[in-house]
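Below is one structure; the comments refer to it alone.
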Amino acid sequence: MRETAAGAVGWRVGIDTGGTFTDLVAASPDGGVSLVKVHSTPADPAHACFEALDRAVGVGDRVDAVVLGTTIATNAMLQRRGAPVVFVTTAGFEDTLFIQRIDRKGPYDLQWRKPRPYVERHRCVGVRERVAADGAVVTPLSDDELERVVAEVGRLLADAPGAGVAVSLLFAYVRPDHEQQLAARLRERFPGTPVSVSSEVAPVWREYERGNTTVVDVSVKSTVGAFAADLDAGLASRYGPGLRALMKSNGGQVQLRHADERPSQMLLSGLAAGMIAGDYFAKLIGSSRAVTLDMGGTSADVGVITAGGLRYAGLVEIEWGLPITLPIIDVTTIGAGGSSIAWVDSGGLLRVGPRSAGADPGPASYGRGGDEATVTDANLVLGRLDRDFFLGGELTLDEERAAATVVEVGERLGMPLDAAADAIVSVAVENMAGAIRLVTVDRGYDYRDFDLIAFGGAGPLHAAEIVRRMGMRRVIVPPSPGLVSAFGALIADERVDHRLTMVRRLDRPEAGDLGVELARLAERAAAELARQRHEQRRDQELAVATSIACRYAGQNYEQDVPIDPNRSDLPAELARRFHASHEQTYGYSMHDQPIETVSLAASAVARSEPSSLHAVRSSAGAAGAATRAVYVDAGGWVDAAIVRRANLAAGDRLTGPAVIEEVDSTTYVPPGFAASVDESRCLIVEPEAA
């Protein structure tokens with residue numbers, strides 16, 4: 001679907017590649033907008049991107065910027081398709097990635113085994129060198145040792161075509177000299193071989209996390225680099241020069257030509273865009289406390305937004321027990337999407353996800369060969385989806401196939417068709433409610449004080465039921481909710497984050513250099529962003545934010561505390577803010593306990609051009625059927641109002657049961673709820689009593 005202004009030039013495009021659909025939002029400077037949703041092509045993600053672009057932007061049109069959120073790095077790690085890795089570390093620490101941590105995924109599972117690292121043990125090389133925790137050299141790195149290690153690495157590389165080298169030496173974040181010498185020799189001896197160095201990728205403490213992050217970085221370097229190069233070449237041939245970038249896990253952008261410098265930063269590229277858009281709509285609607293729910297075809301992503309904006313974290317696990325330390329937007333993902341498969345376990349309990357039918361073959365109702373019941377199939381059986389208006393009529397859903405697969409689940413549960421479909425949706429809703437409890441209560445928040453911003457193709461279909469079960473305030477459904485993550489990519493800023501481990505006690509004179517070191521880190525972040533910025537944004541002012549991670553002495557986990565490095569009372573003010581942050585998160589603070597810093601952080605940001613996402617009238621244009629029978633929460637079938645969202649205007653209000661349809665998503669308003677259209681064109685769905 002496309003709405004353009006005459007003579008529009010300079011399109012700016014945001015793309016989100018999901019497991020089931022690839023979404024595109026394109027905006028022109030004079031207000032034109034083009035919205036496209038196509039099936040993803042997992043085997044060749046760029047193909048779906050170009051298909052969407054061809055539908056959205058005319059031949060010969062000028063495209064100034066294309067920003068893409070992608071799961072290519074994530075999928076490479078999940079599917080173990082990354083390049084082989086030679087791991088170089090301090091002698092005696094070759095087993096670090098295999099010893100891992102003492103925690104277990106299943107404490108009572110006697111058959112459980114530790115996760116397999118991303119490197120083979122025979123490809124781990126020990127280096128006879130040693131740096132102490134204070135940076136003192138205990139064992140120098142001799143030239144003979146350099147030659148021995150390089151020769152050993154060469155032997156391993158010869159047996160593993162396409163392999164890369166990850167260098168992570170003990171305490172290199174304090175003194176990187178030895179790593180730099182090794183990296184220089186390796187790059188000189190093996191030109192073209194990817195090399196990642198921990199003091200550049202993740203200069204932070206905790207040897208296991210730092211080493212694993214470095215291994216991941218070099219493992220996906222070739223995959224991300226090849227994808228970025230192909231995409232860059234394809235865009236250049238079609239649309240000429242312009243800003244071409246990928247989303248980073250921290251919510252920023254990196255130009256395609258720089259994507260392989262630190263490819264680990266793209267691991268959560270696809271999730272960050274949704275959170276950015278969620279923050280945009282929270283501010284637009286005036287919500288100071290909101291939970292975002294991005295439910296697509298494969299997964300549901302949940303995050304928290306407060307008056308301070310987005311939350312950030314420094315650790316993520318793509319696979320349990322294999323941590324990656326890098327700055328990321330704080331978001332939790334569960335396997336609850338429209339394509340999530342319903343199944344009955346050995347104990348006779350109904351489960352939904354995490355296994356997904358994905359884009360190919362997709363849910364049974366797609367008619368592409370899927371033969372297992374999914375959440376989409378259950379919603380079709382319940383009458384909450386229009387078989388003739390899915391994707392605006394581009395795809396006609398097969399009700400008989402959907403019913404047949406749900407019947408199979410019902411037979412195992414001893415339930416009739418309707419009850420089985422309702423149970424599938426109910427379990428999916430409870431899975432998402434559990435994720436919301438996790439991201440709020442664990443961070444010291446009461447979810448009953450929060451709005452729920454629901455988007456993605458399937459989010460608005462289930463949001464009101466989540467709000468009812470949890471006692472949350474209301475649901476906010478942005479315009480064109482199925483394309484919100486692509487909009488997030490469009491409005492994302494260019495951003496560079498730097499983090500450096502620095503342990504200091506705030507009650508000792510040693511803390512006096514915190515401000516100086518934090519200011520230096522901020523300068524490094526700003527300089528790197530200035531180097532990476534596209535010509536279109538050279539004149540935009542940079543903003544730099546700084547923080548220090550603190551903990552009470554003896555604690556194992558820390559909290560980031562924003563602070564200005566130029567404050568003359570930095571240690572005292574940092575202590576005051578940390579006590580308040582600890583009180584907010586855990587319900588108590590310990591003013592009699594010493595505080596120590598763990599790491600410094602600096603973020604440099606170049607703001608993107610402002611944009612807006614508004615609903616576009618569908619080509620169908622008709623209001624649709626006035627009513628349709630919908631199964632309502634185990635209460636049987638009732639006639640629900642069926643409304644096309646494009647025909648609603650600001651101030652309109654309707655009460656449930658109702659189904660509000662649009663090309664890219666469907667909003668279900670259950671009995672006891674009312675939906676109204678805000679001036680921002682967002683839908684507000686809330687209990688009628690409110």
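In the structure tokens, chains take letters A, B, ... by order of appearance, with residues numbered from 1 within each chain and ligands from 1 in the order shown.
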
Contacts of segment 354-358 of chain A at 9 Å (only C-alpha atoms; same-chain gap of 5+ positions) as a ChimeraX atom specification: /A:19-21,297-299,334-342,363-364,370,372,374

query: Tell me, which residues of segment 395-510 of chain A carry DSSP alpha helix (DSSP H), written as a PyMOL selection string?
result: chain A and resi 399-413+417-441+459-470+484-491

- prompt: Mind pulling up the distance from atom CA of Ala76 of chain A to atom CA of Glu120 of chain A?
  reply: 16.6 Å

Residues of segment 239-293 of chain A within 12 Å of segment 580-604 of chain A: nearest atom pair and distance (Å, one decimal) for each, counting only C-alpha atoms, sorted by chain and number, as a tab-separated table?
```
residue	atom	partner	partner_atom	distance
A:Asn250	CA	A:Ser603	CA	9.6
A:Gly251	CA	A:Ser603	CA	11.1
A:Gly252	CA	A:Ala604	CA	9.7
A:Gln253	CA	A:Ala604	CA	11.6
```

message: Given only C-alpha atoms as the basis, pick out the residue of A:Gly274, A:Thr376, A:Val204, A:Arg351 nearest to Asp16 of chain A.
response: A:Gly274

- line: From the list A:Ser665, A:Phe455, A:Gly369, A:Glu261, the nearest residue to Phe390 of chain A using only C-alpha atoms is A:Ser665

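Computed from the coordinates, the atom CA of Val291 of chain A to atom CA of Leu385 of chain A distance equals 24.9 Å.
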
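Comparing the minimum interatomic distances between Phe227 of chain A and each of A:Pro176, A:Gly410, A:Gly154, A:Pro45, counting only C-alpha atoms, we find that A:Pro45 sits nearest.
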
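Residue nearest Gly392 of chain A within the list A:His47, A:Arg175, A:Arg681, A:Arg644: A:Arg644 [criterion: smallest interatomic distance, only C-alpha atoms].
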
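Minimum distance to Asp664 of chain A across A:Tyr208, A:Phe389, A:Trp11, A:Phe487 (counting only C-alpha atoms) occurs at A:Phe389.
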
- prompt: So which residues of segment 41-100 of chain A fall under strand (DSSP E) by DSSP, listed as a VMD selection string?
  reply: chain A and resid 63 to 69 85 to 90

Could you take the residues named above and write them with N, CA and C atoms, as a PDB file, in the first residue's frame?
```pdb
ATOM      1  N   VAL A  63      16.484   7.482  -3.017  1.00  0.00           N
ATOM      2  CA  VAL A  63      16.399   6.905  -1.673  1.00  0.00           C
ATOM      3  C   VAL A  63      17.609   7.386  -0.883  1.00  0.00           C
ATOM      4  N   ASP A  64      17.383   8.297   0.054  1.00  0.00           N
ATOM      5  CA  ASP A  64      18.489   8.878   0.814  1.00  0.00           C
ATOM      6  C   ASP A  64      19.007   7.944   1.898  1.00  0.00           C
ATOM      7  N   ALA A  65      18.109   7.161   2.516  1.00  0.00           N
ATOM      8  CA  ALA A  65      18.534   6.345   3.650  1.00  0.00           C
ATOM      9  C   ALA A  65      17.752   5.043   3.704  1.00  0.00           C
ATOM     10  N   VAL A  66      18.450   3.955   3.977  1.00  0.00           N
ATOM     11  CA  VAL A  66      17.834   2.657   4.235  1.00  0.00           C
ATOM     12  C   VAL A  66      18.462   2.103   5.506  1.00  0.00           C
ATOM     13  N   VAL A  67      17.638   1.842   6.522  1.00  0.00           N
ATOM     14  CA  VAL A  67      18.127   1.278   7.783  1.00  0.00           C
ATOM     15  C   VAL A  67      17.394  -0.030   8.026  1.00  0.00           C
ATOM     16  N   LEU A  68      18.155  -1.081   8.308  1.00  0.00           N
ATOM     17  CA  LEU A  68      17.605  -2.428   8.376  1.00  0.00           C
ATOM     18  C   LEU A  68      17.853  -3.053   9.741  1.00  0.00           C
ATOM     19  N   GLY A  69      16.796  -3.581  10.339  1.00  0.00           N
ATOM     20  CA  GLY A  69      16.928  -4.423  11.522  1.00  0.00           C
ATOM     21  C   GLY A  69      16.926  -5.867  11.066  1.00  0.00           C
ATOM     22  N   VAL A  85      36.299 -21.051  14.836  1.00  0.00           N
ATOM     23  CA  VAL A  85      37.078 -20.052  15.567  1.00  0.00           C
ATOM     24  C   VAL A  85      38.293 -20.709  16.219  1.00  0.00           C
ATOM     25  N   VAL A  86      39.441 -20.026  16.115  1.00  0.00           N
ATOM     26  CA  VAL A  86      40.632 -20.371  16.887  1.00  0.00           C
ATOM     27  C   VAL A  86      40.686 -19.396  18.058  1.00  0.00           C
ATOM     28  N   PHE A  87      40.684 -19.923  19.269  1.00  0.00           N
ATOM     29  CA  PHE A  87      40.629 -19.095  20.480  1.00  0.00           C
ATOM     30  C   PHE A  87      42.018 -19.008  21.093  1.00  0.00           C
ATOM     31  N   VAL A  88      42.548 -17.796  21.212  1.00  0.00           N
ATOM     32  CA  VAL A  88      43.879 -17.557  21.757  1.00  0.00           C
ATOM     33  C   VAL A  88      43.736 -16.850  23.098  1.00  0.00           C
ATOM     34  N   THR A  89      44.269 -17.477  24.154  1.00  0.00           N
ATOM     35  CA  THR A  89      44.128 -16.912  25.488  1.00  0.00           C
ATOM     36  C   THR A  89      45.387 -17.181  26.302  1.00  0.00           C
ATOM     37  N   THR A  90      45.445 -16.611  27.486  1.00  0.00           N
ATOM     38  CA  THR A  90      46.594 -16.795  28.366  1.00  0.00           C
ATOM     39  C   THR A  90      46.751 -18.271  28.746  1.00  0.00           C
TER      40      THR A  90
END
```

statement: Of A:Leu243, A:Leu186, A:Ala158, A:Leu322, the one sitting nearest Arg116 of chain A when using only C-alpha atoms is A:Leu322
